[in-house]
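Asks: File data-v2.pdb follows (PDB, C-alpha atoms, pLDDT in the B column):
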```
ATOM      1  CA  MET X 378     112.424 121.420 106.494  1.00 91.00           C
ATOM      2  CA  ILE X 379     113.480 118.461 108.695  1.00 97.00           C
ATOM      3  CA  VAL X 380     116.091 118.937 111.422  1.00 98.00           C
ATOM      4  CA  PHE X 381     117.356 116.378 113.939  1.00 98.00           C
ATOM      5  CA  GLU X 382     119.368 117.912 116.793  1.00 98.00           C
ATOM      6  CA  LYS X 383     121.340 115.433 118.917  1.00 97.00           C
ATOM      7  CA  VAL X 384     118.523 112.879 118.825  1.00 98.00           C
ATOM      8  CA  CYS X 385     118.918 109.761 120.955  1.00 97.00           C
ATOM      9  CA  PHE X 386     116.517 106.828 120.874  1.00 97.00           C
ATOM     10  CA  SER X 387     116.541 103.342 122.340  1.00 96.00           C
ATOM     11  CA  TYR X 388     114.320 100.289 122.461  1.00 94.00           C
ATOM     12  CA  GLY X 389     114.688  99.193 126.060  1.00 92.00           C
ATOM     13  CA  ASP X 390     118.402  98.672 126.695  1.00 91.00           C
ATOM     14  CA  ARG X 391     119.332  98.770 123.000  1.00 93.00           C
ATOM     15  CA  ASN X 392     120.588 102.153 121.859  1.00 93.00           C
ATOM     16  CA  VAL X 393     119.445 102.725 118.274  1.00 95.00           C
ATOM     17  CA  LEU X 394     120.252 106.394 117.588  1.00 97.00           C
ATOM     18  CA  LYS X 395     123.101 108.240 119.318  1.00 95.00           C
ATOM     19  CA  ASN X 396     123.202 112.049 119.232  1.00 95.00           C
ATOM     20  CA  LEU X 397     121.968 111.976 115.638  1.00 97.00           C
ATOM     21  CA  SER X 398     122.055 115.365 113.909  1.00 97.00           C
ATOM     22  CA  PHE X 399     121.194 116.153 110.292  1.00 97.00           C
ATOM     23  CA  PHE X 400     118.870 118.301 108.186  1.00 96.00           C
ATOM     24  CA  VAL X 401     116.925 117.647 104.984  1.00 97.00           C
ATOM     25  CA  ARG X 402     115.635 120.441 102.767  1.00 95.00           C
ATOM     26  CA  GLU X 403     112.084 120.258 101.414  1.00 90.00           C
ATOM     27  CA  HIS X 404     113.051 119.525  97.790  1.00 94.00           C
ATOM     28  CA  GLU X 405     115.920 117.072  98.427  1.00 97.00           C
ATOM     29  CA  ARG X 406     115.871 113.417  97.389  1.00 97.00           C
ATOM     30  CA  VAL X 407     117.695 111.612 100.189  1.00 98.00           C
ATOM     31  CA  ALA X 408     118.536 107.935 100.687  1.00 98.00           C
ATOM     32  CA  ILE X 409     119.425 106.634 104.133  1.00 97.00           C
ATOM     33  CA  LEU X 410     121.500 103.478 103.713  1.00 96.00           C
ATOM     34  CA  GLY X 411     122.553 100.901 106.268  1.00 92.00           C
ATOM     35  CA  GLY X 412     122.108  97.369 107.479  1.00 87.00           C
ATOM     36  CA  SER X 413     119.020  95.862 109.104  1.00 84.00           C
ATOM     37  CA  GLY X 414     118.287  97.042 112.631  1.00 83.00           C
ATOM     38  CA  GLY X 415     120.436 100.139 112.257  1.00 86.00           C
ATOM     39  CA  GLY X 416     117.663 102.651 112.963  1.00 93.00           C
ATOM     40  CA  LYS X 417     116.650 103.656 109.436  1.00 94.00           C
ATOM     41  CA  THR X 418     112.922 103.000 109.871  1.00 93.00           C
ATOM     42  CA  THR X 419     113.064 104.508 113.355  1.00 96.00           C
ATOM     43  CA  ILE X 420     114.115 107.826 111.773  1.00 97.00           C
ATOM     44  CA  LEU X 421     110.960 107.848 109.623  1.00 96.00           C
ATOM     45  CA  LYS X 422     108.770 107.113 112.647  1.00 96.00           C
ATOM     46  CA  LEU X 423     110.427 109.922 114.599  1.00 97.00           C
ATOM     47  CA  ILE X 424     109.795 112.368 111.731  1.00 97.00           C
ATOM     48  CA  LEU X 425     106.089 111.514 111.898  1.00 95.00           C
ATOM     49  CA  GLY X 426     105.927 111.620 115.679  1.00 96.00           C
ATOM     50  CA  LEU X 427     104.973 107.929 115.827  1.00 95.00           C
ATOM     51  CA  LEU X 428     107.898 107.631 118.230  1.00 96.00           C
ATOM     52  CA  GLY X 429     109.392 110.276 120.499  1.00 96.00           C
ATOM     53  CA  PRO X 430     113.139 110.721 121.104  1.00 97.00           C
ATOM     54  CA  ASP X 431     114.701 109.951 124.466  1.00 97.00           C
ATOM     55  CA  SER X 432     116.559 113.254 124.133  1.00 97.00           C
ATOM     56  CA  GLY X 433     117.282 115.876 121.515  1.00 98.00           C
ATOM     57  CA  ARG X 434     114.908 117.797 119.243  1.00 97.00           C
ATOM     58  CA  ILE X 435     113.096 117.138 115.970  1.00 98.00           C
ATOM     59  CA  ILE X 436     112.055 120.248 114.058  1.00 98.00           C
ATOM     60  CA  ILE X 437     109.673 120.236 111.082  1.00 97.00           C
ATOM     61  CA  GLU X 438     109.416 123.486 109.104  1.00 95.00           C
ATOM     62  CA  GLY X 439     110.812 125.437 112.053  1.00 94.00           C
ATOM     63  CA  ASP X 440     108.377 123.849 114.503  1.00 95.00           C
ATOM     64  CA  ASP X 441     109.703 121.654 117.343  1.00 97.00           C
ATOM     65  CA  ILE X 442     107.461 118.551 117.341  1.00 97.00           C
ATOM     66  CA  THR X 443     109.193 116.788 120.225  1.00 94.00           C
ATOM     67  CA  GLU X 444     106.545 117.549 122.839  1.00 91.00           C
ATOM     68  CA  LYS X 445     103.465 117.794 120.619  1.00 94.00           C
ATOM     69  CA  THR X 446     100.284 115.908 121.468  1.00 93.00           C
ATOM     70  CA  GLU X 447      98.670 113.386 119.113  1.00 92.00           C
ATOM     71  CA  ALA X 448      96.129 115.988 118.048  1.00 91.00           C
ATOM     72  CA  GLN X 449      98.878 118.503 117.261  1.00 93.00           C
ATOM     73  CA  LEU X 450     100.899 115.891 115.366  1.00 94.00           C
ATOM     74  CA  ARG X 451      98.066 115.287 112.918  1.00 88.00           C
ATOM     75  CA  GLU X 452      98.839 118.563 111.146  1.00 89.00           C
ATOM     76  CA  VAL X 453     102.536 117.630 111.005  1.00 92.00           C
ATOM     77  CA  ARG X 454     101.798 114.212 109.498  1.00 92.00           C
ATOM     78  CA  MET X 455      99.713 115.748 106.727  1.00 89.00           C
ATOM     79  CA  LYS X 456     102.940 117.213 105.317  1.00 92.00           C
ATOM     80  CA  PHE X 457     104.200 113.694 104.546  1.00 94.00           C
ATOM     81  CA  SER X 458     103.243 110.625 102.568  1.00 91.00           C
ATOM     82  CA  ILE X 459     104.575 107.421 104.157  1.00 90.00           C
ATOM     83  CA  VAL X 460     104.816 103.928 102.687  1.00 90.00           C
ATOM     84  CA  PHE X 461     106.146 101.333 105.116  1.00 82.00           C
ATOM     85  CA  GLN X 462     107.880  98.181 103.936  1.00 73.00           C
ATOM     86  CA  GLU X 463     104.925  95.872 104.520  1.00 67.00           C
ATOM     87  CA  GLY X 464     102.558  98.120 102.544  1.00 61.00           C
ATOM     88  CA  ALA X 465      99.953  97.919 105.334  1.00 72.00           C
ATOM     89  CA  LEU X 466      96.868  97.359 103.160  1.00 85.00           C
ATOM     90  CA  PHE X 467      93.704  96.108 104.861  1.00 88.00           C
ATOM     91  CA  ASP X 468      93.358  92.494 103.715  1.00 90.00           C
ATOM     92  CA  SER X 469      89.565  92.533 104.058  1.00 94.00           C
ATOM     93  CA  LEU X 470      89.073  95.631 101.873  1.00 94.00           C
ATOM     94  CA  SER X 471      89.275  95.947  98.105  1.00 96.00           C
ATOM     95  CA  VAL X 472      91.804  98.229  96.432  1.00 96.00           C
ATOM     96  CA  LYS X 473      89.102 100.881  96.090  1.00 95.00           C
ATOM     97  CA  GLU X 474      88.112 100.677  99.753  1.00 95.00           C
ATOM     98  CA  ASN X 475      91.756 100.715 100.906  1.00 93.00           C
ATOM     99  CA  VAL X 476      92.342 104.011  99.120  1.00 93.00           C
ATOM    100  CA  ALA X 477      88.913 105.362 100.054  1.00 94.00           C
ATOM    101  CA  PHE X 478      89.498 104.630 103.753  1.00 89.00           C
ATOM    102  CA  CYS X 479      91.668 107.714 104.275  1.00 81.00           C
ATOM    103  CA  LEU X 480      89.331 109.882 102.194  1.00 85.00           C
ATOM    104  CA  ARG X 481      86.414 108.922 104.434  1.00 86.00           C
ATOM    105  CA  GLU X 482      88.544 109.366 107.546  1.00 78.00           C
ATOM    106  CA  TYR X 483      89.832 112.870 106.815  1.00 75.00           C
ATOM    107  CA  LEU X 484      87.638 114.494 104.162  1.00 77.00           C
ATOM    108  CA  LYS X 485      83.931 115.191 103.873  1.00 80.00           C
ATOM    109  CA  LEU X 486      83.156 113.863 100.406  1.00 86.00           C
ATOM    110  CA  SER X 487      80.124 112.237  98.786  1.00 90.00           C
ATOM    111  CA  GLU X 488      80.420 108.638  97.589  1.00 91.00           C
ATOM    112  CA  GLU X 489      80.525 109.895  94.010  1.00 92.00           C
ATOM    113  CA  GLU X 490      83.381 112.266  94.862  1.00 93.00           C
ATOM    114  CA  ILE X 491      85.213 109.473  96.664  1.00 92.00           C
ATOM    115  CA  ASP X 492      84.870 107.171  93.654  1.00 93.00           C
ATOM    116  CA  LEU X 493      86.236 109.839  91.316  1.00 94.00           C
ATOM    117  CA  LYS X 494      89.107 110.679  93.666  1.00 93.00           C
ATOM    118  CA  VAL X 495      90.072 107.018  94.136  1.00 95.00           C
ATOM    119  CA  ARG X 496      90.146 106.439  90.380  1.00 95.00           C
ATOM    120  CA  GLU X 497      92.221 109.587  89.892  1.00 94.00           C
ATOM    121  CA  ILE X 498      94.792 108.477  92.460  1.00 94.00           C
ATOM    122  CA  LEU X 499      94.965 104.915  91.108  1.00 95.00           C
ATOM    123  CA  ARG X 500      95.466 106.368  87.637  1.00 95.00           C
ATOM    124  CA  VAL X 501      98.465 108.339  88.904  1.00 92.00           C
ATOM    125  CA  VAL X 502     100.164 105.130  90.072  1.00 93.00           C
ATOM    126  CA  ASP X 503      98.925 103.167  87.029  1.00 92.00           C
ATOM    127  CA  VAL X 504      96.761 100.556  88.768  1.00 94.00           C
ATOM    128  CA  GLU X 505      93.239 101.792  88.014  1.00 94.00           C
ATOM    129  CA  GLU X 506      92.421  98.415  86.478  1.00 95.00           C
ATOM    130  CA  ALA X 507      92.911  96.801  89.912  1.00 95.00           C
ATOM    131  CA  ILE X 508      90.256  98.922  91.617  1.00 96.00           C
ATOM    132  CA  ASP X 509      87.952  95.968  92.454  1.00 96.00           C
ATOM    133  CA  LEU X 510      90.663  93.468  93.393  1.00 96.00           C
ATOM    134  CA  MET X 511      91.490  92.308  96.908  1.00 96.00           C
ATOM    135  CA  PRO X 512      95.056  92.693  98.267  1.00 93.00           C
ATOM    136  CA  ASP X 513      95.766  88.940  97.989  1.00 92.00           C
ATOM    137  CA  GLU X 514      94.970  89.142  94.266  1.00 95.00           C
ATOM    138  CA  LEU X 515      97.689  91.734  93.614  1.00 93.00           C
ATOM    139  CA  SER X 516     101.219  91.086  92.422  1.00 91.00           C
ATOM    140  CA  GLY X 517     104.035  92.413  94.577  1.00 89.00           C
ATOM    141  CA  GLY X 518     104.525  95.443  92.361  1.00 91.00           C
ATOM    142  CA  MET X 519     100.804  96.245  92.237  1.00 93.00           C
ATOM    143  CA  HIS X 520     100.536  95.861  96.013  1.00 92.00           C
ATOM    144  CA  ARG X 521     103.316  98.426  96.479  1.00 91.00           C
ATOM    145  CA  ARG X 522     101.652 100.823  93.999  1.00 93.00           C
ATOM    146  CA  VAL X 523      98.325 100.584  95.831  1.00 93.00           C
ATOM    147  CA  ALA X 524     100.130 101.254  99.118  1.00 92.00           C
ATOM    148  CA  ILE X 525     101.603 104.392  97.550  1.00 92.00           C
ATOM    149  CA  ALA X 526      98.142 105.357  96.251  1.00 92.00           C
ATOM    150  CA  ARG X 527      96.649 105.034  99.718  1.00 89.00           C
ATOM    151  CA  SER X 528      99.417 107.190 101.162  1.00 88.00           C
ATOM    152  CA  LEU X 529      98.456 109.925  98.682  1.00 87.00           C
ATOM    153  CA  ALA X 530      94.737 109.781  99.379  1.00 85.00           C
ATOM    154  CA  ALA X 531      94.281 112.103 102.346  1.00 67.00           C
ATOM    155  CA  CYS X 532      96.817 114.840 101.701  1.00 75.00           C
ATOM    156  CA  GLU X 533      99.042 116.723  99.284  1.00 80.00           C
ATOM    157  CA  PRO X 534     102.417 115.775 100.784  1.00 88.00           C
ATOM    158  CA  LYS X 535     105.436 118.030 100.711  1.00 91.00           C
ATOM    159  CA  VAL X 536     107.831 115.134 101.253  1.00 95.00           C
ATOM    160  CA  PHE X 537     107.481 111.417 100.502  1.00 95.00           C
ATOM    161  CA  LEU X 538     108.821 108.882 103.004  1.00 96.00           C
ATOM    162  CA  TYR X 539     109.568 105.325 101.839  1.00 96.00           C
ATOM    163  CA  ASP X 540     110.617 102.373 103.982  1.00 94.00           C
ATOM    164  CA  GLU X 541     112.403  99.741 101.842  1.00 93.00           C
ATOM    165  CA  PRO X 542     110.023 100.351  98.894  1.00 93.00           C
ATOM    166  CA  THR X 543     111.559  97.727  96.583  1.00 92.00           C
ATOM    167  CA  THR X 544     112.313  94.943  99.067  1.00 89.00           C
ATOM    168  CA  GLY X 545     110.896  91.601  97.948  1.00 87.00           C
ATOM    169  CA  LEU X 546     110.239  92.754  94.381  1.00 90.00           C
ATOM    170  CA  ASP X 547     111.783  91.253  91.259  1.00 92.00           C
ATOM    171  CA  PRO X 548     114.154  93.542  89.303  1.00 92.00           C
ATOM    172  CA  ILE X 549     111.519  94.651  86.777  1.00 92.00           C
ATOM    173  CA  ASN X 550     108.931  95.577  89.416  1.00 91.00           C
ATOM    174  CA  ALA X 551     111.624  97.202  91.565  1.00 93.00           C
ATOM    175  CA  ASP X 552     112.673  99.341  88.615  1.00 95.00           C
ATOM    176  CA  ASN X 553     109.040 100.284  87.936  1.00 93.00           C
ATOM    177  CA  ILE X 554     108.558 101.376  91.561  1.00 94.00           C
ATOM    178  CA  CYS X 555     111.754 103.466  91.369  1.00 95.00           C
ATOM    179  CA  ARG X 556     110.407 105.185  88.260  1.00 94.00           C
ATOM    180  CA  LEU X 557     107.075 105.866  89.982  1.00 94.00           C
ATOM    181  CA  ILE X 558     108.827 107.325  93.031  1.00 95.00           C
ATOM    182  CA  ILE X 559     110.800 109.691  90.804  1.00 95.00           C
ATOM    183  CA  ASP X 560     107.710 110.636  88.767  1.00 93.00           C
ATOM    184  CA  LEU X 561     105.835 111.638  91.936  1.00 92.00           C
ATOM    185  CA  CYS X 562     108.632 114.119  92.733  1.00 92.00           C
ATOM    186  CA  LYS X 563     108.728 115.786  89.315  1.00 86.00           C
ATOM    187  CA  ASP X 564     106.951 118.900  90.605  1.00 86.00           C
ATOM    188  CA  GLY X 565     109.787 119.581  93.029  1.00 88.00           C
ATOM    189  CA  LYS X 566     108.658 117.552  96.035  1.00 92.00           C
ATOM    190  CA  GLY X 567     111.298 115.840  98.123  1.00 96.00           C
ATOM    191  CA  LEU X 568     111.691 112.330  99.451  1.00 97.00           C
ATOM    192  CA  ILE X 569     113.497 110.277 102.041  1.00 98.00           C
ATOM    193  CA  VAL X 570     113.949 106.606 101.241  1.00 97.00           C
ATOM    194  CA  VAL X 571     115.483 104.161 103.709  1.00 95.00           C
ATOM    195  CA  THR X 572     116.893 101.053 102.098  1.00 93.00           C
ATOM    196  CA  HIS X 573     119.708  98.522 102.014  1.00 89.00           C
ATOM    197  CA  LYS X 574     119.405  98.166  98.218  1.00 91.00           C
ATOM    198  CA  VAL X 575     122.112 100.491  96.956  1.00 94.00           C
ATOM    199  CA  SER X 576     121.332 100.037  93.250  1.00 94.00           C
ATOM    200  CA  ASP X 577     117.743 101.211  93.750  1.00 95.00           C
ATOM    201  CA  ALA X 578     118.820 104.092  95.981  1.00 96.00           C
ATOM    202  CA  MET X 579     121.132 105.247  93.182  1.00 96.00           C
ATOM    203  CA  LYS X 580     118.146 105.457  90.814  1.00 96.00           C
ATOM    204  CA  ILE X 581     116.026 107.471  93.247  1.00 96.00           C
ATOM    205  CA  ALA X 582     118.225 109.737  95.362  1.00 97.00           C
ATOM    206  CA  GLU X 583     120.691 112.572  94.883  1.00 97.00           C
ATOM    207  CA  ARG X 584     122.028 112.684  98.447  1.00 98.00           C
ATOM    208  CA  PHE X 585     123.085 109.668 100.504  1.00 98.00           C
ATOM    209  CA  MET X 586     123.544 109.101 104.213  1.00 97.00           C
ATOM    210  CA  PHE X 587     125.043 105.928 105.679  1.00 97.00           C
ATOM    211  CA  LEU X 588     123.853 104.931 109.139  1.00 95.00           C
ATOM    212  CA  LYS X 589     125.931 102.691 111.376  1.00 91.00           C
ATOM    213  CA  ASP X 590     125.537 102.047 115.114  1.00 89.00           C
ATOM    214  CA  GLY X 591     123.076 104.920 115.416  1.00 92.00           C
ATOM    215  CA  MET X 592     125.392 107.486 113.847  1.00 93.00           C
ATOM    216  CA  ILE X 593     125.920 108.916 110.368  1.00 95.00           C
ATOM    217  CA  LEU X 594     129.223 107.719 108.908  1.00 94.00           C
ATOM    218  CA  PHE X 595     128.696 109.390 105.536  1.00 96.00           C
ATOM    219  CA  ASP X 596     126.643 112.228 104.045  1.00 97.00           C
ATOM    220  CA  GLY X 597     127.183 113.254 100.434  1.00 97.00           C
ATOM    221  CA  ASP X 598     126.248 112.888  96.771  1.00 97.00           C
ATOM    222  CA  LYS X 599     126.562 109.839  94.493  1.00 96.00           C
ATOM    223  CA  ASP X 600     130.102 110.583  93.334  1.00 96.00           C
ATOM    224  CA  MET X 601     131.281 111.078  96.911  1.00 96.00           C
ATOM    225  CA  LEU X 602     129.637 107.802  97.938  1.00 95.00           C
ATOM    226  CA  LEU X 603     131.242 105.813  95.141  1.00 94.00           C
ATOM    227  CA  GLN X 604     134.653 107.334  95.885  1.00 94.00           C
ATOM    228  CA  THR X 605     134.559 106.949  99.673  1.00 94.00           C
ATOM    229  CA  THR X 606     137.634 105.426 101.271  1.00 93.00           C
ATOM    230  CA  ASN X 607     135.666 104.020 104.215  1.00 94.00           C
ATOM    231  CA  ASP X 608     136.157 100.240 103.964  1.00 93.00           C
ATOM    232  CA  GLU X 609     132.839  99.365 105.602  1.00 92.00           C
ATOM    233  CA  ILE X 610     130.835 101.603 103.281  1.00 94.00           C
ATOM    234  CA  GLN X 611     132.747 100.292 100.267  1.00 93.00           C
ATOM    235  CA  ARG X 612     131.886  96.716 101.256  1.00 92.00           C
ATOM    236  CA  PHE X 613     128.238  97.710 101.689  1.00 92.00           C
ATOM    237  CA  ILE X 614     127.834  99.408  98.307  1.00 90.00           C
ATOM    238  CA  SER X 615     129.691  96.672  96.441  1.00 86.00           C
ATOM    239  CA  GLY X 616     128.002  93.772  98.242  1.00 71.00           C
TER
END
```
Once you've parsed the file, please lay out its structure as structure tokens.

Replies:
Amino acid sequence: MIVFEKVCFSYGDRNVLKNLSFFVREHERVAILGGSGGGKTTILKLILGLLGPDSGRIIIEGDDITEKTEAQLREVRMKFSIVFQEGALFDSLSVKENVAFCLREYLKLSEEEIDLKVREILRVVDVEEAIDLMPDELSGGMHRRVAIARSLAACEPKVFLYDEPTTGLDPINADNICRLIIDLCKDGKGLIVVTHKVSDAMKIAERFMFLKDGMILFDGDKDMLLQTTNDEIQRFISG
């Protein structure tokens, strides 16, 4: 479903991705591992067309999105659910209004239909009781669940994209978010999670890529990752 062909990307003079090539099938659960600033989040933004490559091609379901306009990219983005690390909730809106925002933006629904839909989505991520709370009243785990709920509001995604979904959470909440991420894929949907937390990636993913200096040093399953002879990757997964 997702193909990168010799993709290069830089921020100013800093090269982030260098002739990056890989593919991800629609139903795969993939973790992209690597240190901070290595280009992991950039990959997610390129998939969504929020950034464009300096060179190379990005193909989604056989369709080259590299030169698409913003209007054309809207249809592409509806195939994905994205949760960025910061959660990106509107501080001035309640939980209900945060989730309802996308419903009002993209769908023509009555207020009654919106209320029912919001409650349904919050029930899926197990935070319906927080519907009237403000973001600053939420715990870290609840905040992340509401962010996931909002990402589900406007579409039926084929693939979930997560940017460091458990960063900043205590072990119990991190484990709960991992369980939720897996539960949302039980009907065969795929995911890409970018993270530096190897233990959480192990709970979520079945395929692992390791990104270093804008290139993929490793691509394989859990057993292959644990048995790798690459010293740098071994230090990373045991650190």

Asks: Once you count all atoms listed in the file, what closest atom pair and distance in Å to one decimal does each residue of segment 493-612 of chain X within 6 Å of segment 450-473 of chain X have, with rows by chain and rising residue number, as a Markdown table?

Replies:
```
| residue | atom | partner | partner_atom | distance |
| --- | --- | --- | --- | --- |
| X:Ile508 | CA | X:Lys473 | CA | 5.0 |
| X:Asp509 | CA | X:Ser471 | CA | 5.8 |
| X:Leu510 | CA | X:Ser471 | CA | 5.5 |
| X:Met511 | CA | X:Ser471 | CA | 4.4 |
| X:Pro512 | CA | X:Asp468 | CA | 5.7 |
| X:Ala524 | CA | X:Gly464 | CA | 5.2 |
| X:Ser528 | CA | X:Ser458 | CA | 5.3 |
| X:Cys532 | CA | X:Met455 | CA | 5.9 |
| X:Pro534 | CA | X:Phe457 | CA | 4.7 |
| X:Lys535 | CA | X:Lys456 | CA | 5.3 |
| X:Val536 | CA | X:Phe457 | CA | 5.1 |
| X:Phe537 | CA | X:Ser458 | CA | 4.8 |
| X:Leu538 | CA | X:Ile459 | CA | 4.6 |
| X:Tyr539 | CA | X:Val460 | CA | 5.0 |
| X:Asp540 | CA | X:Phe461 | CA | 4.7 |
| X:Glu541 | CA | X:Gln462 | CA | 5.2 |
| X:Pro542 | CA | X:Gln462 | CA | 5.9 |
```

Asks: Neighbours of Leu394 of chain X within 7 Å (all atoms listed in the file; same-chain residues fewer than 4 positions away dropped), as a ChimeraX atom specification?

Replies: /X:384-387,416,591-592

Asks: Which of these, X:Ser516, X:Ala530, X:Ile409, X:Phe585, has the shortest distance to Tyr483 of chain X once you count all atoms listed in the file?

Replies: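 With all atoms listed in the file as the atom set, the closest residue is X:Ala530.
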
Asks: What gap, in Å, lies between atom CA of Lys599 of chain X and atom CA of Glu583 of chain X?

Replies: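 Computing the Euclidean distance for atom CA of Lys599 of chain X and atom CA of Glu583 of chain X yields 6.5 Å.
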
Asks: If you count only C-alpha atoms, which residues fall within 12 Å of Gly597 of chain X, apart from same-chain ones fewer than 4 positions away, as a list in words?

Replies: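 Residues meeting the cut-off are Phe399, Arg406, Val407, Ala408, Ile409, Leu410, Ala582, Glu583, Arg584, Phe585, Met586, Phe587, Ile593, Met601, Leu602, Leu603, Gln604 and Thr605 of chain X.
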
Asks: Work out how far atom CA of Thr543 of chain X is from atom CA of Glu505 of chain X, in Å to one decimal.

Replies: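 Separation between atom CA of Glu505 of chain X and atom CA of Thr543 of chain X: 20.6 Å.
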
Asks: Using the structure block above, produce a file of segment 417-424 of chain X that contains all heavy atoms, as a PDB file, in the first residue's frame.

Replies:
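The result, stored in selection.pdb:
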```pdb
ATOM      1  N   LYS X 417      12.251   9.738  11.701  1.00  0.00           N
ATOM      2  CA  LYS X 417      11.098   8.843  11.862  1.00  0.00           C
ATOM      3  C   LYS X 417       9.776   9.588  11.653  1.00  0.00           C
ATOM      4  O   LYS X 417       8.916   9.156  10.881  1.00  0.00           O
ATOM      5  CB  LYS X 417      11.113   8.190  13.261  1.00  0.00           C
ATOM      6  CG  LYS X 417      12.366   7.388  13.564  1.00  0.00           C
ATOM      7  CD  LYS X 417      12.270   6.614  14.864  1.00  0.00           C
ATOM      8  CE  LYS X 417      11.954   7.450  16.092  1.00  0.00           C
ATOM      9  NZ  LYS X 417      13.002   8.454  16.387  1.00  0.00           N
ATOM     10  N   THR X 418       9.606  10.704  12.350  1.00  0.00           N
ATOM     11  CA  THR X 418       8.370  11.480  12.212  1.00  0.00           C
ATOM     12  C   THR X 418       8.248  12.069  10.812  1.00  0.00           C
ATOM     13  O   THR X 418       7.143  12.173  10.254  1.00  0.00           O
ATOM     14  CB  THR X 418       8.324  12.609  13.259  1.00  0.00           C
ATOM     15  OG1 THR X 418       8.363  12.022  14.569  1.00  0.00           O
ATOM     16  CG2 THR X 418       7.054  13.444  13.122  1.00  0.00           C
ATOM     17  N   THR X 419       9.360  12.422  10.219  1.00  0.00           N
ATOM     18  CA  THR X 419       9.359  12.947   8.850  1.00  0.00           C
ATOM     19  C   THR X 419       8.736  11.941   7.891  1.00  0.00           C
ATOM     20  O   THR X 419       7.988  12.315   6.976  1.00  0.00           O
ATOM     21  CB  THR X 419      10.790  13.292   8.410  1.00  0.00           C
ATOM     22  OG1 THR X 419      11.313  14.311   9.264  1.00  0.00           O
ATOM     23  CG2 THR X 419      10.823  13.778   6.966  1.00  0.00           C
ATOM     24  N   ILE X 420       9.002  10.654   8.082  1.00  0.00           N
ATOM     25  CA  ILE X 420       8.418   9.617   7.226  1.00  0.00           C
ATOM     26  C   ILE X 420       6.888   9.667   7.296  1.00  0.00           C
ATOM     27  O   ILE X 420       6.201   9.584   6.271  1.00  0.00           O
ATOM     28  CB  ILE X 420       8.944   8.224   7.627  1.00  0.00           C
ATOM     29  CG1 ILE X 420      10.417   8.093   7.231  1.00  0.00           C
ATOM     30  CG2 ILE X 420       8.118   7.111   6.972  1.00  0.00           C
ATOM     31  CD1 ILE X 420      11.075   6.820   7.719  1.00  0.00           C
ATOM     32  N   LEU X 421       6.343   9.797   8.502  1.00  0.00           N
ATOM     33  CA  LEU X 421       4.885   9.872   8.651  1.00  0.00           C
ATOM     34  C   LEU X 421       4.328  11.092   7.916  1.00  0.00           C
ATOM     35  O   LEU X 421       3.290  11.011   7.251  1.00  0.00           O
ATOM     36  CB  LEU X 421       4.496   9.928  10.126  1.00  0.00           C
ATOM     37  CG  LEU X 421       4.871   8.734  10.999  1.00  0.00           C
ATOM     38  CD1 LEU X 421       4.282   8.904  12.400  1.00  0.00           C
ATOM     39  CD2 LEU X 421       4.415   7.424  10.381  1.00  0.00           C
ATOM     40  N   LYS X 422       4.995  12.223   8.049  1.00  0.00           N
ATOM     41  CA  LYS X 422       4.526  13.445   7.393  1.00  0.00           C
ATOM     42  C   LYS X 422       4.603  13.339   5.870  1.00  0.00           C
ATOM     43  O   LYS X 422       3.744  13.881   5.159  1.00  0.00           O
ATOM     44  CB  LYS X 422       5.333  14.643   7.890  1.00  0.00           C
ATOM     45  CG  LYS X 422       5.063  14.985   9.356  1.00  0.00           C
ATOM     46  CD  LYS X 422       5.863  16.190   9.829  1.00  0.00           C
ATOM     47  CE  LYS X 422       5.515  16.543  11.264  1.00  0.00           C
ATOM     48  NZ  LYS X 422       6.298  17.712  11.763  1.00  0.00           N
ATOM     49  N   LEU X 423       5.592  12.628   5.375  1.00  0.00           N
ATOM     50  CA  LEU X 423       5.705  12.405   3.933  1.00  0.00           C
ATOM     51  C   LEU X 423       4.583  11.489   3.437  1.00  0.00           C
ATOM     52  O   LEU X 423       4.034  11.698   2.353  1.00  0.00           O
ATOM     53  CB  LEU X 423       7.065  11.806   3.597  1.00  0.00           C
ATOM     54  CG  LEU X 423       8.264  12.763   3.680  1.00  0.00           C
ATOM     55  CD1 LEU X 423       9.565  11.982   3.700  1.00  0.00           C
ATOM     56  CD2 LEU X 423       8.245  13.747   2.514  1.00  0.00           C
ATOM     57  N   ILE X 424       4.240  10.473   4.222  1.00  0.00           N
ATOM     58  CA  ILE X 424       3.140   9.573   3.845  1.00  0.00           C
ATOM     59  C   ILE X 424       1.838  10.346   3.682  1.00  0.00           C
ATOM     60  O   ILE X 424       1.050  10.087   2.761  1.00  0.00           O
ATOM     61  CB  ILE X 424       2.975   8.457   4.899  1.00  0.00           C
ATOM     62  CG1 ILE X 424       4.156   7.488   4.845  1.00  0.00           C
ATOM     63  CG2 ILE X 424       1.664   7.690   4.693  1.00  0.00           C
ATOM     64  CD1 ILE X 424       4.180   6.484   5.984  1.00  0.00           C
TER      65      ILE X 424
END
```
